[in-house]
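Enquirer: What follows is a single structure, and I will ask about it in a moment.
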Amino acid sequence: MCGIFGYTGPRDASSILLDGLTRLSYRGYDSAGLAVVDDFRHLSVRRAAGKLDNLRRLVENEPVTGRQGIGHTRWATHGPASNVNAHPHTDGTGEVVVVHNGIVENYALLKARLTANGHQFFSQTDTEIIPHTIEELLAEGLPFEEAVRVAAGRLRGAHAIACMHTRTPEMLVVARIGNAGGIAVGTGEGEMLIASDLPALTPYTSTAIFLEPGESAVVRPEGFELRTLDGRPSTRALRPVGVSGGAAAKGGYKHFTLKEIHEQPESAMSALHGRIAFSQGKAQLDEMLLPLTDSEVAALTRVVFLGMGTSVHAGLVGARYVETLARVPASAENAAEFLHRDPVLDRHTLVVGVTQSGETADTLQALHEARIRGARTAVITNVPESEATRAVEYPLLMHAGHEVGVASTKTMVNSMVVMYLAACALGLQRDVLSTESATRCVEEITRLPALIGATIETTERDAEEIARRYMNARRFLFLGRGLMEPVAREGAYKMKETSYIHAEGMSAAEIKHGPIALIDHETPVVAVAPRNALYEKMLISMSEVRARDGKVIAVATAGSAEVAAYADDALWIPECPPLLQPMVAVVPLQLFAYRTADLLGNDVDQPRNLAKSVTVE
Ligand code: F6R
């Protein structure tokens, strides 16, 4: 949610800033801007509403020069995505310039005070009060870096800022306030960079540090200095930056999202790799064991998965895996709602965050709260260095590889793979899953990559044809039962976020209690009905829809003869064990949503109004 990138060194800053912002644009892409200070201490600011290309074109037409700069890619919180609301923002003197990620919770109060002191504001953003606050502190005689620290200390909320002053060329000052809003400093050869996330730094630096909450850094080409916001020096070792974050390529696919859907057999394999072993014909899952003793595991009374959006859908499946395989009561919840309802927790509850980005503010805060209340904590994430990995006792990596498409696809499947393995390991440790059953479960999941591959092959063309038939629908309903209910929810999510067609996902058992009123010949219903214990119940729901003129698109097991009588169209998946069905059945729904969105001409990789990392509450 908003990307910050900065450079100070011997090279021309603007092209490096544009490159860094390109790598961060998954964090927000409704507008972007950059500011550069030249050798004569002249500040140039360029800002453009819309995608980053608009800024790139603006900088081509109105070039800026300078060897020090900060840039920003925005996801609007205060004020629409316009040129004037795009960052960077300046103070009244035009000498201080700031970019910001997060929300200043007390900005109205600060703005009122500044306005009373004669400051004028031009944007509707909360951010603009930051340079003006720094300006006041400079007028009181504080040096720039101290003014930034004191100003940061006055901001409530969770965020990161990067600031420059024309009078201190070569120096960037960054600060981190609160838990969300990560910001890293990376060291290069005679140059230094700052970025919201490590993948943006990898082309330039081999080592970096993330600022801790309540910390600031003064960054110059030759090095950087860390201090707490109240001015005490702090030190920490630099960490190597992985090389995996380089520019991703579409590899011949029209969109990253399509490429990532196709990568799922391989990414699922990565999640399994090194975690399962067979010795004497029995599965070994030592890699997946929680850092809990046998007696702590035996005393577990509850497992709660927390996440947002697609990650909650994965969590709903994970909860079913835990109940089925480890026989512990389990549930999944929206992390934001959990956080604010004073939950009952104790050390016999295991709270598992699910967050592919490892940065989602709601999930991080809920994990933090769970830890304070004494629960045991784990997280399933795709980003090894992320904040989430540091917030819990036990981070579990999903190993999906970099996901560029804003709509999660392969990370959802990999979350479920990790949950399945962890539930098997927990079941074994609790002695409720026999070694034979665990071995069978593990053998079954080794077939997952092939099952997903076969599903893509069979449903790819059908998904496009069906999408062509229904792309003008005003709304969709997605129905499922049991493990397919979260899959139906996810199908609806993918459809609405990429195609902008209203879609709802729910239990098929629910419709006759209300939503059936929506059914008419213009409301296609996607019924996720692979062969399992609830298959026949799904057939009944499908016939109820058809009896009301609704069109049914089934996701069903190949060879299910009954489906032809109950559905107008079908996406066929291979026969697979019931516990694997969510990881397989979600794939045709991803393809269906993708094709619908693409046929409608939408930007599938960066759907409107969204961002890949939601670092604000
Ligand atoms: C939907 C999607 C979002 C995320 C949600 C949580 O396709 O990607 O709903 O699932 O914002 O994100 P993470 O998993 O990064 O916490």
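Letters A, B, ... mark the chains of the structure tokens in the order given; residue numbers begin at 1 per chain; ligand numbers begin at 1, in order shown.
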Write out as a PyMOL selection string each polymer residue (protein, DNA or RNA) that has an atom no more than 10 Å from ligand 1, with only C-alpha atoms and all ligand atoms counted.
Expert: chain A and resi 1+306-314+334-335+353-364+380-383+388+403+405-409+411-412+415+490-491+493-498+590+607+610-615
Enquirer: Residues of stretch 53-126 of chain A in helix (DSSP H, G or I) according to DSSP, as a list in words?
Expert: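 Reading the DSSP output for stretch 53-126 of chain A, helix (DSSP H, G or I) covers Asp53, Asn54, Leu55, Arg56, Arg57, Leu58, Val59, Glu60, Asn61, Tyr107, Ala108, Leu109, Leu110, Lys111, Ala112, Arg113, Leu114, Thr115 and Ala116 of chain A.
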Enquirer: The selected residues should be written to file as a CSV table (one decimal), in the first residue's frame (atoms: N, CA, C and O atoms).
Expert:
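Listing of result.csv after writing:
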```csv
chain,number,residue,atom,x,y,z
A,53,ASP,N,3.3,4.8,-16.0
A,53,ASP,CA,3.7,5.3,-17.3
A,53,ASP,C,3.4,6.8,-17.5
A,53,ASP,O,4.1,7.4,-18.3
A,54,ASN,N,2.3,7.2,-16.9
A,54,ASN,CA,2.0,8.7,-17.0
A,54,ASN,C,3.1,9.5,-16.4
A,54,ASN,O,3.5,10.6,-17.0
A,55,LEU,N,3.7,9.1,-15.3
A,55,LEU,CA,4.8,9.8,-14.7
A,55,LEU,C,6.0,9.7,-15.6
A,55,LEU,O,6.7,10.6,-15.8
A,56,ARG,N,6.2,8.5,-16.1
A,56,ARG,CA,7.4,8.2,-17.0
A,56,ARG,C,7.3,9.2,-18.2
A,56,ARG,O,8.3,9.9,-18.5
A,57,ARG,N,6.2,9.3,-18.8
A,57,ARG,CA,6.0,10.2,-19.9
A,57,ARG,C,6.2,11.7,-19.5
A,57,ARG,O,6.9,12.4,-20.2
A,58,LEU,N,5.7,12.0,-18.3
A,58,LEU,CA,5.9,13.4,-17.9
A,58,LEU,C,7.4,13.7,-17.7
A,58,LEU,O,7.8,14.8,-18.1
A,59,VAL,N,8.1,12.8,-17.1
A,59,VAL,CA,9.5,13.0,-16.9
A,59,VAL,C,10.3,13.0,-18.2
A,59,VAL,O,11.3,13.8,-18.3
A,60,GLU,N,9.8,12.3,-19.2
A,60,GLU,CA,10.5,12.4,-20.5
A,60,GLU,C,10.3,13.8,-21.1
A,60,GLU,O,11.2,14.3,-21.7
A,61,ASN,N,9.0,14.3,-20.9
A,61,ASN,CA,8.7,15.6,-21.5
A,61,ASN,C,9.3,16.7,-20.7
A,61,ASN,O,9.7,17.8,-21.3
A,107,TYR,N,-4.3,13.5,11.7
A,107,TYR,CA,-3.9,14.6,10.8
A,107,TYR,C,-4.9,15.8,10.8
A,107,TYR,O,-4.4,16.9,10.7
A,108,ALA,N,-6.2,15.5,11.1
A,108,ALA,CA,-7.1,16.6,11.2
A,108,ALA,C,-6.7,17.6,12.3
A,108,ALA,O,-6.7,18.8,12.0
A,109,LEU,N,-6.3,17.1,13.4
A,109,LEU,CA,-5.9,17.9,14.5
A,109,LEU,C,-4.6,18.7,14.1
A,109,LEU,O,-4.5,19.9,14.3
A,110,LEU,N,-3.6,18.0,13.6
A,110,LEU,CA,-2.4,18.6,13.2
A,110,LEU,C,-2.6,19.7,12.1
A,110,LEU,O,-2.0,20.8,12.2
A,111,LYS,N,-3.5,19.4,11.2
A,111,LYS,CA,-3.8,20.3,10.1
A,111,LYS,C,-4.4,21.6,10.6
A,111,LYS,O,-4.1,22.7,10.2
A,112,ALA,N,-5.4,21.4,11.6
A,112,ALA,CA,-6.1,22.6,12.2
A,112,ALA,C,-5.0,23.5,12.8
A,112,ALA,O,-5.1,24.7,12.7
A,113,ARG,N,-4.1,22.9,13.6
A,113,ARG,CA,-3.1,23.7,14.3
A,113,ARG,C,-2.2,24.4,13.3
A,113,ARG,O,-1.9,25.6,13.4
A,114,LEU,N,-1.8,23.7,12.2
A,114,LEU,CA,-0.9,24.3,11.2
A,114,LEU,C,-1.7,25.4,10.5
A,114,LEU,O,-1.1,26.5,10.2
A,115,THR,N,-2.9,25.2,10.2
A,115,THR,CA,-3.7,26.2,9.5
A,115,THR,C,-3.8,27.5,10.3
A,115,THR,O,-3.7,28.6,9.8
A,116,ALA,N,-4.1,27.2,11.6
A,116,ALA,CA,-4.2,28.4,12.5
A,116,ALA,C,-2.8,29.2,12.6
A,116,ALA,O,-2.8,30.4,12.8
```
Enquirer: Within 12 Å of stretch 460-470 of chain A, counting only C-alpha atoms, which residues show up once you throw out same-chain ones fewer than 4 positions away? Write them as a PyMOL selection string, please.
Expert: chain A and resi 258+261-262+452-456+474-476+495+499+501+521-526+551-555+568-573+587-600
Enquirer: Quick one: which stretch 361-474 of chain A residues come within 8 Å of stretch 289-297 of chain A, and what is the nearest atom pair for each with the distance in Å to one decimal, counting only C-alpha atoms, rows ordered by chain and ascending number, as JSON lines?
Expert:
```
{"residue": "A:Glu393", "atom": "CA", "partner": "A:Pro291", "partner_atom": "CA", "distance": 7.8}
{"residue": "A:Tyr394", "atom": "CA", "partner": "A:Leu290", "partner_atom": "CA", "distance": 6.9}
{"residue": "A:Ala422", "atom": "CA", "partner": "A:Leu289", "partner_atom": "CA", "distance": 6.8}
{"residue": "A:Ala425", "atom": "CA", "partner": "A:Leu289", "partner_atom": "CA", "distance": 5.8}
{"residue": "A:Leu426", "atom": "CA", "partner": "A:Leu289", "partner_atom": "CA", "distance": 6.8}
{"residue": "A:Gln429", "atom": "CA", "partner": "A:Asp294", "partner_atom": "CA", "distance": 6.7}
{"residue": "A:Arg430", "atom": "CA", "partner": "A:Val297", "partner_atom": "CA", "distance": 6.4}
```
Enquirer: By how many Å are atom CA of A:Arg220 and atom CA of A:Gly186 apart?
Expert: 11.1 Å
Enquirer: Determine the nearest neighbour of A:Tyr204 from the options A:Ser25, A:Glu191, A:Gly182, A:Pro486, counting only C-alpha atoms.
Expert: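 The closest residue to A:Tyr204 is A:Glu191.
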Enquirer: Which is closest to A:His100 among A:Ala517, A:Ala509, A:Val174, A:Ala473, if we use only C-alpha atoms?
Expert: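 For A:His100, the nearest of the given residues is A:Val174.
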Enquirer: Leaving out A:Val219 and any residue of its chain fewer than 3 positions from it, which residues lie within 7 Å of it when counting only C-alpha atoms, given as a PyMOL selection string?
Expert: chain A and resi 171-173+192+223-225
Enquirer: The selected residues should be written to file as an mmCIF file, in the first residue's frame (atoms: N, CA and C atoms).
Expert:
```
data_model
loop_
_atom_site.group_PDB
_atom_site.id
_atom_site.type_symbol
_atom_site.label_atom_id
_atom_site.label_comp_id
_atom_site.auth_asym_id
_atom_site.auth_seq_id
_atom_site.Cartn_x
_atom_site.Cartn_y
_atom_site.Cartn_z
ATOM 1 N N MET A 171 21.446 14.056 1.289
ATOM 2 C CA MET A 171 20.950 13.389 2.493
ATOM 3 C C MET A 171 19.447 13.077 2.370
ATOM 4 N N LEU A 172 19.103 11.816 2.658
ATOM 5 C CA LEU A 172 17.695 11.433 2.767
ATOM 6 C C LEU A 172 17.443 11.099 4.225
ATOM 7 N N VAL A 173 16.293 11.450 4.725
ATOM 8 C CA VAL A 173 15.959 11.052 6.100
ATOM 9 C C VAL A 173 14.672 10.232 6.041
ATOM 10 N N MET A 192 23.440 4.891 -1.850
ATOM 11 C CA MET A 192 22.513 4.270 -0.904
ATOM 12 C C MET A 192 21.095 4.430 -1.442
ATOM 13 N N GLY A 223 27.024 6.112 3.514
ATOM 14 C CA GLY A 223 26.558 5.260 4.605
ATOM 15 C C GLY A 223 25.302 5.813 5.248
ATOM 16 N N PHE A 224 24.894 5.186 6.345
ATOM 17 C CA PHE A 224 23.679 5.660 7.009
ATOM 18 C C PHE A 224 23.825 5.510 8.513
ATOM 19 N N GLU A 225 22.996 6.274 9.206
ATOM 20 C CA GLU A 225 23.055 6.271 10.674
ATOM 21 C C GLU A 225 21.630 6.090 11.203
#
```
